[in-house]
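Below: upload.pdb (PDB, C-alpha atoms)
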```pdb
ATOM      1  CA  MET A   1     109.050-197.269 -51.453
ATOM      2  CA  ALA A   2     106.338-198.010 -48.894
ATOM      3  CA  ASN A   3     106.467-201.055 -46.707
ATOM      4  CA  THR A   4     104.204-203.704 -48.256
ATOM      5  CA  LYS A   5     104.264-206.044 -45.256
ATOM      6  CA  PRO A   6     100.718-206.157 -43.819
ATOM      7  CA  ARG A   7     100.086-205.250 -40.195
ATOM      8  CA  ARG A   8      98.675-208.040 -38.066
ATOM      9  CA  GLU A   9      96.760-208.225 -34.824
ATOM     10  CA  ARG A  10      98.795-209.339 -31.837
ATOM     11  CA  PRO A  11      97.738-212.731 -30.430
ATOM     12  CA  GLY A  12      96.040-212.507 -27.057
ATOM     13  CA  ASN A  13      98.074-214.973 -25.044
ATOM     14  CA  LYS A  14     101.711-215.903 -24.628
ATOM     15  CA  LYS A  15     101.322-219.390 -26.095
ATOM     16  CA  ASP A  16      99.828-218.047 -29.343
ATOM     17  CA  ARG A  17     102.527-215.368 -29.594
ATOM     18  CA  ALA A  18     105.244-218.030 -29.209
ATOM     19  CA  ARG A  19     103.595-220.162 -31.909
ATOM     20  CA  LEU A  20     103.367-217.146 -34.222
ATOM     21  CA  CYS A  21     107.096-216.559 -33.727
ATOM     22  CA  GLN A  22     107.796-220.196 -34.691
ATOM     23  CA  ILE A  23     105.584-219.898 -37.759
ATOM     24  CA  ASN A  24     107.329-216.723 -38.913
ATOM     25  CA  THR A  25     110.726-218.399 -38.455
ATOM     26  CA  LEU A  26     109.640-221.360 -40.576
ATOM     27  CA  LEU A  27     108.151-219.098 -43.259
ATOM     28  CA  ASN A  28     111.397-217.120 -43.467
ATOM     29  CA  ASP A  29     113.357-220.322 -44.023
ATOM     30  CA  PRO A  30     113.702-220.892 -47.811
ATOM     31  CA  SER A  31     113.948-224.661 -47.318
ATOM     32  CA  THR A  32     110.342-224.906 -46.006
ATOM     33  CA  PRO A  33     108.307-226.965 -48.512
ATOM     34  CA  THR A  34     105.493-225.228 -50.409
ATOM     35  CA  ASN A  35     102.688-227.401 -49.001
ATOM     36  CA  ALA A  36     103.920-226.798 -45.430
ATOM     37  CA  ARG A  37     104.244-223.070 -46.211
ATOM     38  CA  ILE A  38     100.551-222.931 -47.244
ATOM     39  CA  GLU A  39      99.472-224.591 -43.977
ATOM     40  CA  LEU A  40     101.714-222.292 -41.930
ATOM     41  CA  GLU A  41     100.325-219.193 -43.641
ATOM     42  CA  ALA A  42      96.776-220.357 -42.914
ATOM     43  CA  GLU A  43      97.653-220.921 -39.243
ATOM     44  CA  ARG A  44      99.363-217.496 -39.082
ATOM     45  CA  ASP A  45      96.242-215.870 -40.558
ATOM     46  CA  PHE A  46      94.167-217.597 -37.874
ATOM     47  CA  LEU A  47      96.453-216.593 -34.976
ATOM     48  CA  ALA A  48      97.164-213.051 -36.166
ATOM     49  CA  PRO A  49      94.654-211.762 -38.736
ATOM     50  CA  VAL A  50      95.759-208.992 -41.071
ATOM     51  CA  ILE A  51      94.606-205.528 -40.009
ATOM     52  CA  PRO A  52      92.846-203.979 -43.012
ATOM     53  CA  PHE A  53      94.567-200.865 -44.312
ATOM     54  CA  PRO A  54      92.361-197.757 -43.898
ATOM     55  CA  ILE A  55      90.862-196.333 -47.072
ATOM     56  CA  ASP A  56      92.196-192.839 -46.404
ATOM     57  CA  GLY A  57      95.741-194.216 -46.114
ATOM     58  CA  SER A  58      96.158-193.142 -42.493
ATOM     59  CA  LEU A  59      97.019-195.614 -39.761
ATOM     60  CA  SER A  60      96.268-193.133 -36.984
ATOM     61  CA  GLU A  61      93.260-193.742 -34.808
ATOM     62  CA  THR A  62      90.011-192.073 -35.723
ATOM     63  CA  ARG A  63      89.555-189.193 -33.316
ATOM     64  CA  GLU A  64      86.263-188.470 -31.698
ATOM     65  CA  PRO A  65      85.111-185.000 -32.751
ATOM     66  CA  LYS A  66      85.355-182.156 -30.263
ATOM     67  CA  PRO A  67      82.018-181.648 -28.497
ATOM     68  CA  THR A  68      79.990-178.693 -29.614
ATOM     69  CA  THR A  69      78.376-176.230 -27.235
ATOM     70  CA  PRO A  70      74.971-177.954 -27.621
ATOM     71  CA  ASP A  71      76.642-181.277 -26.660
ATOM     72  CA  LEU A  72      78.096-179.746 -23.506
ATOM     73  CA  LEU A  73      74.816-178.016 -22.669
ATOM     74  CA  ALA A  74      72.979-181.336 -23.070
ATOM     75  CA  LEU A  75      75.513-183.014 -20.771
ATOM     76  CA  CYS A  76      74.966-180.343 -18.108
ATOM     77  CA  ASP A  77      71.185-180.665 -18.505
ATOM     78  CA  ARG A  78      71.372-184.455 -18.093
ATOM     79  CA  ALA A  79      73.470-184.096 -14.950
ATOM     80  CA  LYS A  80      71.082-181.499 -13.531
ATOM     81  CA  ALA A  81      68.005-183.618 -14.382
ATOM     82  CA  ALA A  82      69.567-186.697 -12.795
ATOM     83  CA  ARG A  83      70.296-184.726  -9.620
ATOM     84  CA  GLU A  84      66.777-183.289  -9.460
ATOM     85  CA  ASN A  85      65.115-186.644 -10.133
ATOM     86  CA  GLY A  86      67.082-188.405  -7.423
ATOM     87  CA  GLY A  87      69.290-190.161  -9.936
ATOM     88  CA  SER A  88      72.612-191.749  -9.234
ATOM     89  CA  LEU A  89      74.411-188.372  -9.149
ATOM     90  CA  SER A  90      72.453-187.208  -6.096
ATOM     91  CA  LYS A  91      72.955-190.500  -4.201
ATOM     92  CA  ARG A  92      76.654-190.857  -4.881
ATOM     93  CA  VAL A  93      79.136-189.619  -2.339
ATOM     94  CA  PRO A  94      81.364-186.994  -3.961
ATOM     95  CA  ARG A  95      84.891-188.141  -4.681
ATOM     96  CA  THR A  96      87.823-186.536  -2.934
ATOM     97  CA  ALA A  97      90.380-184.418  -4.792
ATOM     98  CA  LYS A  98      92.822-187.316  -4.569
ATOM     99  CA  GLN A  99      90.288-189.691  -6.150
ATOM    100  CA  LEU A 100      89.559-187.178  -8.924
ATOM    101  CA  ASP A 101      93.304-186.796  -9.606
ATOM    102  CA  HIS A 102      93.668-190.573  -9.712
ATOM    103  CA  GLU A 103      90.798-190.802 -12.207
ATOM    104  CA  LYS A 104      92.342-188.044 -14.354
ATOM    105  CA  ASN A 105      95.686-189.889 -14.302
ATOM    106  CA  ARG A 106      93.877-193.049 -15.424
ATOM    107  CA  LEU A 107      92.468-191.133 -18.395
ATOM    108  CA  GLU A 108      95.846-189.527 -19.215
ATOM    109  CA  PRO A 109      96.508-191.794 -22.245
ATOM    110  CA  LEU A 110      93.342-190.424 -23.869
ATOM    111  CA  LEU A 111      94.036-186.838 -22.845
ATOM    112  CA  SER A 112      97.620-186.899 -24.110
ATOM    113  CA  ARG A 113      96.316-187.826 -27.571
ATOM    114  CA  GLY A 114      93.577-185.185 -27.422
ATOM    115  CA  ILE A 115      90.753-187.747 -27.319
ATOM    116  CA  VAL A 116      87.748-186.506 -25.357
ATOM    117  CA  THR A 117      85.093-189.064 -24.421
ATOM    118  CA  ASP A 118      81.928-188.790 -22.331
ATOM    119  CA  GLU A 119      83.932-190.179 -19.396
ATOM    120  CA  VAL A 120      86.407-187.276 -19.700
ATOM    121  CA  ARG A 121      83.553-184.767 -19.930
ATOM    122  CA  SER A 122      81.807-186.172 -16.843
ATOM    123  CA  LEU A 123      85.089-186.086 -14.905
ATOM    124  CA  ALA A 124      85.508-182.422 -15.892
ATOM    125  CA  VAL A 125      82.006-181.642 -14.612
ATOM    126  CA  GLU A 126      82.647-183.538 -11.366
ATOM    127  CA  SER A 127      85.979-181.737 -10.890
ATOM    128  CA  LEU A 128      84.347-178.342 -11.408
ATOM    129  CA  ILE A 129      81.579-179.209  -8.934
ATOM    130  CA  ALA A 130      84.188-180.239  -6.354
ATOM    131  CA  LEU A 131      86.243-177.090  -6.982
ATOM    132  CA  SER A 132      83.260-174.783  -6.643
ATOM    133  CA  ALA A 133      82.318-176.480  -3.366
ATOM    134  CA  VAL A 134      85.655-175.652  -1.716
ATOM    135  CA  SER A 135      86.422-172.286  -3.332
ATOM    136  CA  PRO A 136      84.962-169.377  -1.354
ATOM    137  CA  LEU A 137      85.351-167.023  -4.325
ATOM    138  CA  SER A 138      83.325-168.929  -6.906
ATOM    139  CA  ARG A 139      79.630-169.532  -7.293
ATOM    140  CA  LYS A 140      78.403-173.086  -7.121
ATOM    141  CA  PHE A 141      78.828-174.784 -10.487
ATOM    142  CA  GLU A 142      75.260-176.122 -10.346
ATOM    143  CA  ASN A 143      73.837-172.586  -9.912
ATOM    144  CA  ARG A 144      75.514-171.194 -13.027
ATOM    145  CA  PRO A 145      73.589-170.789 -16.303
ATOM    146  CA  ALA A 146      73.985-173.658 -18.760
ATOM    147  CA  ASP A 147      76.133-171.656 -21.203
ATOM    148  CA  GLU A 148      78.584-170.778 -18.397
ATOM    149  CA  GLN A 149      78.688-174.429 -17.310
ATOM    150  CA  ALA A 150      79.460-175.499 -20.880
ATOM    151  CA  ALA A 151      82.239-172.909 -21.184
ATOM    152  CA  LEU A 152      83.788-173.975 -17.861
ATOM    153  CA  VAL A 153      83.683-177.656 -18.850
ATOM    154  CA  GLN A 154      85.277-176.945 -22.233
ATOM    155  CA  PHE A 155      87.948-174.766 -20.606
ATOM    156  CA  GLN A 156      88.749-177.541 -18.101
ATOM    157  CA  ILE A 157      89.041-180.147 -20.882
ATOM    158  CA  ASP A 158      91.208-177.819 -23.003
ATOM    159  CA  SER A 159      93.567-177.285 -20.067
ATOM    160  CA  TRP A 160      93.830-181.043 -19.477
ATOM    161  CA  ILE A 161      94.751-181.778 -23.081
ATOM    162  CA  GLY A 162      97.164-178.817 -23.182
ATOM    163  CA  LYS A 163      95.267-176.852 -25.795
ATOM    164  CA  GLN A 164      94.539-173.156 -25.987
ATOM    165  CA  PRO A 165      90.797-172.481 -25.707
ATOM    166  CA  ASP A 166      89.008-171.211 -28.780
ATOM    167  CA  GLU A 167      87.881-167.575 -28.952
ATOM    168  CA  LYS A 168      84.303-168.320 -27.871
ATOM    169  CA  THR A 169      85.372-170.290 -24.796
ATOM    170  CA  ALA A 170      88.022-167.721 -23.854
ATOM    171  CA  ALA A 171      85.489-164.880 -24.138
ATOM    172  CA  ALA A 172      82.984-166.777 -21.975
ATOM    173  CA  ILE A 173      85.629-167.477 -19.297
ATOM    174  CA  CYS A 174      86.668-163.814 -19.284
ATOM    175  CA  LYS A 175      83.018-162.814 -18.860
ATOM    176  CA  ILE A 176      82.480-165.327 -16.016
ATOM    177  CA  TYR A 177      85.473-164.078 -14.014
ATOM    178  CA  GLY A 178      85.144-160.405 -14.999
ATOM    179  CA  LEU A 179      88.412-160.289 -16.922
ATOM    180  CA  THR A 180      89.243-158.243 -19.985
ATOM    181  CA  LYS A 181      91.278-159.417 -22.934
TER     182      LYS A 181
END
```

Exercise: express the given structure as structure tokens:
Amino acid sequence: MANTKPRRERPGNKKDRARLCQINTLLNDPSTPTNARIELEAERDFLAPVIPFPIDGSLSETREPKPTTPDLLALCDRAKAARENGGSLSKRVPRTAKQLDHEKNRLEPLLSRGIVTDEVRSLAVESLIALSAVSPLSRKFENRPADEQAALVQFQIDSWIGKQPDEKTAAAICKIYGLTK
């Protein structure tokens, strides 16, 4: 039998959480009068509203869909346009490898659940730009065609979330580095 007890939001401060604990104790006591019970339930609903049960029956978070190749190409185009137009990307001092690692560690809770946001995508682009700047064997990331940029970004994100790249991305990476399957 499924648990019928509704999930509730957690009160924001310590005082409200302590009051909610008191209310629950009083509601669990069978000697609490009915009129007091009604007032306590109203106060509990105010302090910790019930979280509505999802229609599909799943309590897991809604995942953001994986970006498509056109999404990644558009992201690369926006970054390139911002650089060419003197946007914030061209004025900003590049972050060090340590700063990029710190930022990736900050985003680890999202990455460990496989959630990829625009912030994760932009960090992947910035990491690839930094890597291409220090690697004597690779071409500059900015000078690559847009489809190669998109494949590199997707490959970087897949490696961060611990996922095998799809066939299209793997084929593009093999082509970029001259590898055979």

Picked residues, the PyMOL selection byres ((chain A and resi 6) around 8), expected as a PDB file with C-alpha atoms, in the frame of the given file:
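Resulting contents of expr.pdb:
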```pdb
ATOM      1  CA  THR A   4     104.204-203.704 -48.256  1.00  0.00           C
ATOM      2  CA  LYS A   5     104.264-206.044 -45.256  1.00  0.00           C
ATOM      3  CA  ARG A   7     100.086-205.250 -40.195  1.00  0.00           C
ATOM      4  CA  ARG A   8      98.675-208.040 -38.066  1.00  0.00           C
ATOM      5  CA  VAL A  50      95.759-208.992 -41.071  1.00  0.00           C
ATOM      6  CA  ILE A  51      94.606-205.528 -40.009  1.00  0.00           C
TER       7      ILE A  51
END
```

| field | Residues in the PyMOL selection byres ((chain A and resi 169) around 9), expressed as a list of chain:residue names | value | A:Ala150, A:Ala151, A:Leu152, A:Gln154, A:Phe155, A:Pro165, A:Asp166, A:Glu167, A:Lys168, A:Ala170, A:Ala171, A:Ala172, A:Ile173, A:Cys174

| said: So, with only C-alpha atoms as the atoms that count, which of A:Lys163, A:Arg95, A:Lys66, A:Arg78 lies closest to Ile115 of chain A? | reply: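 The shortest atom-to-atom distance to Ile115 of chain A comes from A:Lys66.
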
| query | Expressed in Å to a single decimal, how great is the separation between atom CA of Pro49 of chain A and atom CA of Glu9 of chain A? | reply |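 Those two atoms sit 5.7 Å apart.
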
| Explicit residue set for the PyMOL selection byres ((chain A and resi 156-162) around 12), as an NGL selection string | :A and (66-67 or 72 or 101 or 104-105 or 107-129 or 131 or 149-155 or 163-166 or 169-170 or 173)

Using the structure block above, produce a file of segment 33-169 of chain A that contains C-alpha atoms, as an mmCIF file, in the first residue's frame.
```cif
data_model
loop_
_atom_site.group_PDB
_atom_site.id
_atom_site.type_symbol
_atom_site.label_atom_id
_atom_site.label_comp_id
_atom_site.auth_asym_id
_atom_site.auth_seq_id
_atom_site.Cartn_x
_atom_site.Cartn_y
_atom_site.Cartn_z
ATOM 1 C CA PRO A 33 -9.599 18.767 21.135
ATOM 2 C CA THR A 34 -11.219 18.889 17.686
ATOM 3 C CA ASN A 35 -11.494 22.694 17.531
ATOM 4 C CA ALA A 36 -7.807 23.068 18.479
ATOM 5 C CA ARG A 37 -6.914 20.370 15.921
ATOM 6 C CA ILE A 38 -8.617 22.395 13.141
ATOM 7 C CA GLU A 39 -6.645 25.530 14.079
ATOM 8 C CA LEU A 40 -3.388 23.565 14.277
ATOM 9 C CA GLU A 41 -3.965 22.004 10.859
ATOM 10 C CA ALA A 42 -4.605 25.447 9.372
ATOM 11 C CA GLU A 43 -1.384 26.779 10.925
ATOM 12 C CA ARG A 44 0.538 23.710 9.673
ATOM 13 C CA ASP A 45 -0.824 24.294 6.156
ATOM 14 C CA PHE A 46 0.376 27.899 6.372
ATOM 15 C CA LEU A 47 3.872 27.019 7.654
ATOM 16 C CA ALA A 48 4.416 23.979 5.433
ATOM 17 C CA PRO A 49 2.089 23.850 2.410
ATOM 18 C CA VAL A 50 1.399 20.474 0.838
ATOM 19 C CA ILE A 51 3.478 19.763 -2.264
ATOM 20 C CA PRO A 52 1.045 18.775 -5.025
ATOM 21 C CA PHE A 53 1.550 15.232 -6.267
ATOM 22 C CA PRO A 54 2.671 15.168 -9.931
ATOM 23 C CA ILE A 55 0.095 13.995 -12.450
ATOM 24 C CA ASP A 56 2.408 11.370 -13.931
ATOM 25 C CA GLY A 57 2.917 9.828 -10.481
ATOM 26 C CA SER A 58 6.653 10.522 -10.419
ATOM 27 C CA LEU A 59 8.267 12.539 -7.656
ATOM 28 C CA SER A 60 11.558 12.866 -9.523
ATOM 29 C CA GLU A 61 12.550 16.256 -10.819
ATOM 30 C CA THR A 62 11.672 17.151 -14.371
ATOM 31 C CA ARG A 63 14.865 16.883 -16.378
ATOM 32 C CA GLU A 64 15.837 19.463 -18.902
ATOM 33 C CA PRO A 65 16.047 17.816 -22.325
ATOM 34 C CA LYS A 66 19.457 17.119 -23.817
ATOM 35 C CA PRO A 67 20.463 19.919 -26.196
ATOM 36 C CA THR A 68 20.208 19.143 -29.860
ATOM 37 C CA THR A 69 22.942 19.903 -32.366
ATOM 38 C CA PRO A 70 21.122 23.077 -33.521
ATOM 39 C CA ASP A 71 21.009 24.240 -29.863
ATOM 40 C CA LEU A 72 24.754 23.748 -29.488
ATOM 41 C CA LEU A 73 25.445 25.401 -32.841
ATOM 42 C CA ALA A 74 23.325 28.392 -31.786
ATOM 43 C CA LEU A 75 25.260 28.608 -28.511
ATOM 44 C CA CYS A 76 28.574 28.634 -30.392
ATOM 45 C CA ASP A 77 27.227 31.263 -32.808
ATOM 46 C CA ARG A 78 26.098 33.479 -29.912
ATOM 47 C CA ALA A 79 29.506 33.205 -28.262
ATOM 48 C CA LYS A 80 31.268 34.002 -31.536
ATOM 49 C CA ALA A 81 28.952 36.968 -32.256
ATOM 50 C CA ALA A 82 29.467 38.343 -28.751
ATOM 51 C CA ARG A 83 33.242 38.112 -29.183
ATOM 52 C CA GLU A 84 33.161 39.799 -32.592
ATOM 53 C CA ASN A 85 30.825 42.570 -31.434
ATOM 54 C CA GLY A 86 32.961 43.407 -28.425
ATOM 55 C CA GLY A 87 30.530 41.773 -26.038
ATOM 56 C CA SER A 88 31.268 40.687 -22.527
ATOM 57 C CA LEU A 89 33.124 37.550 -23.695
ATOM 58 C CA SER A 90 35.850 39.586 -25.407
ATOM 59 C CA LYS A 91 36.308 41.953 -22.429
ATOM 60 C CA ARG A 92 36.408 39.296 -19.746
ATOM 61 C CA VAL A 93 39.727 37.989 -18.551
ATOM 62 C CA PRO A 94 39.865 34.232 -19.145
ATOM 63 C CA ARG A 95 39.570 32.126 -16.022
ATOM 64 C CA THR A 96 42.437 29.948 -14.901
ATOM 65 C CA ALA A 97 42.237 26.149 -14.943
ATOM 66 C CA LYS A 98 41.818 26.211 -11.170
ATOM 67 C CA GLN A 99 38.877 28.626 -11.445
ATOM 68 C CA LEU A 100 37.272 26.473 -14.153
ATOM 69 C CA ASP A 101 37.681 23.361 -11.968
ATOM 70 C CA HIS A 102 36.140 25.218 -9.038
ATOM 71 C CA GLU A 103 33.182 26.239 -11.211
ATOM 72 C CA LYS A 104 32.752 22.649 -12.447
ATOM 73 C CA ASN A 105 32.816 21.409 -8.835
ATOM 74 C CA ARG A 106 30.129 23.972 -7.984
ATOM 75 C CA LEU A 107 27.953 22.545 -10.761
ATOM 76 C CA GLU A 108 28.651 18.927 -9.721
ATOM 77 C CA PRO A 109 25.202 18.428 -8.104
ATOM 78 C CA LEU A 110 23.595 19.123 -11.492
ATOM 79 C CA LEU A 111 26.113 17.046 -13.424
ATOM 80 C CA SER A 112 25.789 14.040 -11.118
ATOM 81 C CA ARG A 113 22.051 13.948 -11.868
ATOM 82 C CA GLY A 114 22.627 14.404 -15.604
ATOM 83 C CA ILE A 115 21.034 17.868 -15.691
ATOM 84 C CA VAL A 116 22.586 20.107 -18.338
ATOM 85 C CA THR A 117 21.769 23.818 -18.187
ATOM 86 C CA ASP A 118 23.006 26.775 -20.234
ATOM 87 C CA GLU A 119 25.500 27.472 -17.431
ATOM 88 C CA VAL A 120 26.974 23.967 -17.856
ATOM 89 C CA ARG A 121 27.134 24.410 -21.634
ATOM 90 C CA SER A 122 28.897 27.781 -21.362
ATOM 91 C CA LEU A 123 31.399 26.312 -18.888
ATOM 92 C CA ALA A 124 32.105 23.495 -21.366
ATOM 93 C CA VAL A 125 32.753 26.040 -24.125
ATOM 94 C CA GLU A 126 35.005 28.107 -21.846
ATOM 95 C CA SER A 127 36.918 24.981 -20.782
ATOM 96 C CA LEU A 128 37.462 23.944 -24.399
ATOM 97 C CA ILE A 129 38.666 27.447 -25.303
ATOM 98 C CA ALA A 130 41.131 27.364 -22.396
ATOM 99 C CA LEU A 131 42.320 23.866 -23.333
ATOM 100 C CA SER A 132 42.873 24.764 -26.970
ATOM 101 C CA ALA A 133 44.870 27.829 -25.910
ATOM 102 C CA VAL A 134 47.429 25.771 -23.971
ATOM 103 C CA SER A 135 47.539 22.606 -26.093
ATOM 104 C CA PRO A 136 50.134 22.828 -28.871
ATOM 105 C CA LEU A 137 48.547 19.905 -30.732
ATOM 106 C CA SER A 138 45.027 21.261 -31.144
ATOM 107 C CA ARG A 139 43.594 23.995 -33.298
ATOM 108 C CA LYS A 140 42.026 26.950 -31.574
ATOM 109 C CA PHE A 141 38.456 26.142 -30.576
ATOM 110 C CA GLU A 142 37.222 29.439 -32.040
ATOM 111 C CA ASN A 143 38.714 28.598 -35.473
ATOM 112 C CA ARG A 144 36.904 25.269 -35.787
ATOM 113 C CA PRO A 145 33.728 24.928 -37.885
ATOM 114 C CA ALA A 146 30.481 25.210 -35.934
ATOM 115 C CA ASP A 147 29.621 21.502 -36.261
ATOM 116 C CA GLU A 148 33.022 20.539 -34.790
ATOM 117 C CA GLN A 149 32.529 23.031 -31.950
ATOM 118 C CA ALA A 150 29.112 21.535 -31.193
ATOM 119 C CA ALA A 151 30.527 17.997 -31.187
ATOM 120 C CA LEU A 152 33.391 18.995 -28.868
ATOM 121 C CA VAL A 153 31.001 20.735 -26.461
ATOM 122 C CA GLN A 154 28.659 17.735 -26.385
ATOM 123 C CA PHE A 155 31.593 15.356 -25.871
ATOM 124 C CA GLN A 156 32.870 17.489 -22.965
ATOM 125 C CA ILE A 157 29.418 17.550 -21.322
ATOM 126 C CA ASP A 158 28.981 13.785 -21.820
ATOM 127 C CA SER A 159 32.336 13.140 -20.148
ATOM 128 C CA TRP A 160 31.395 15.363 -17.197
ATOM 129 C CA ILE A 161 28.118 13.557 -16.583
ATOM 130 C CA GLY A 162 29.781 10.150 -17.061
ATOM 131 C CA LYS A 163 27.830 9.192 -20.154
ATOM 132 C CA GLN A 164 28.991 7.501 -23.319
ATOM 133 C CA PRO A 165 28.656 9.831 -26.318
ATOM 134 C CA ASP A 166 26.041 8.992 -28.910
ATOM 135 C CA GLU A 167 27.104 7.620 -32.303
ATOM 136 C CA LYS A 168 26.941 11.001 -34.056
ATOM 137 C CA THR A 169 29.109 12.739 -31.456
#
```
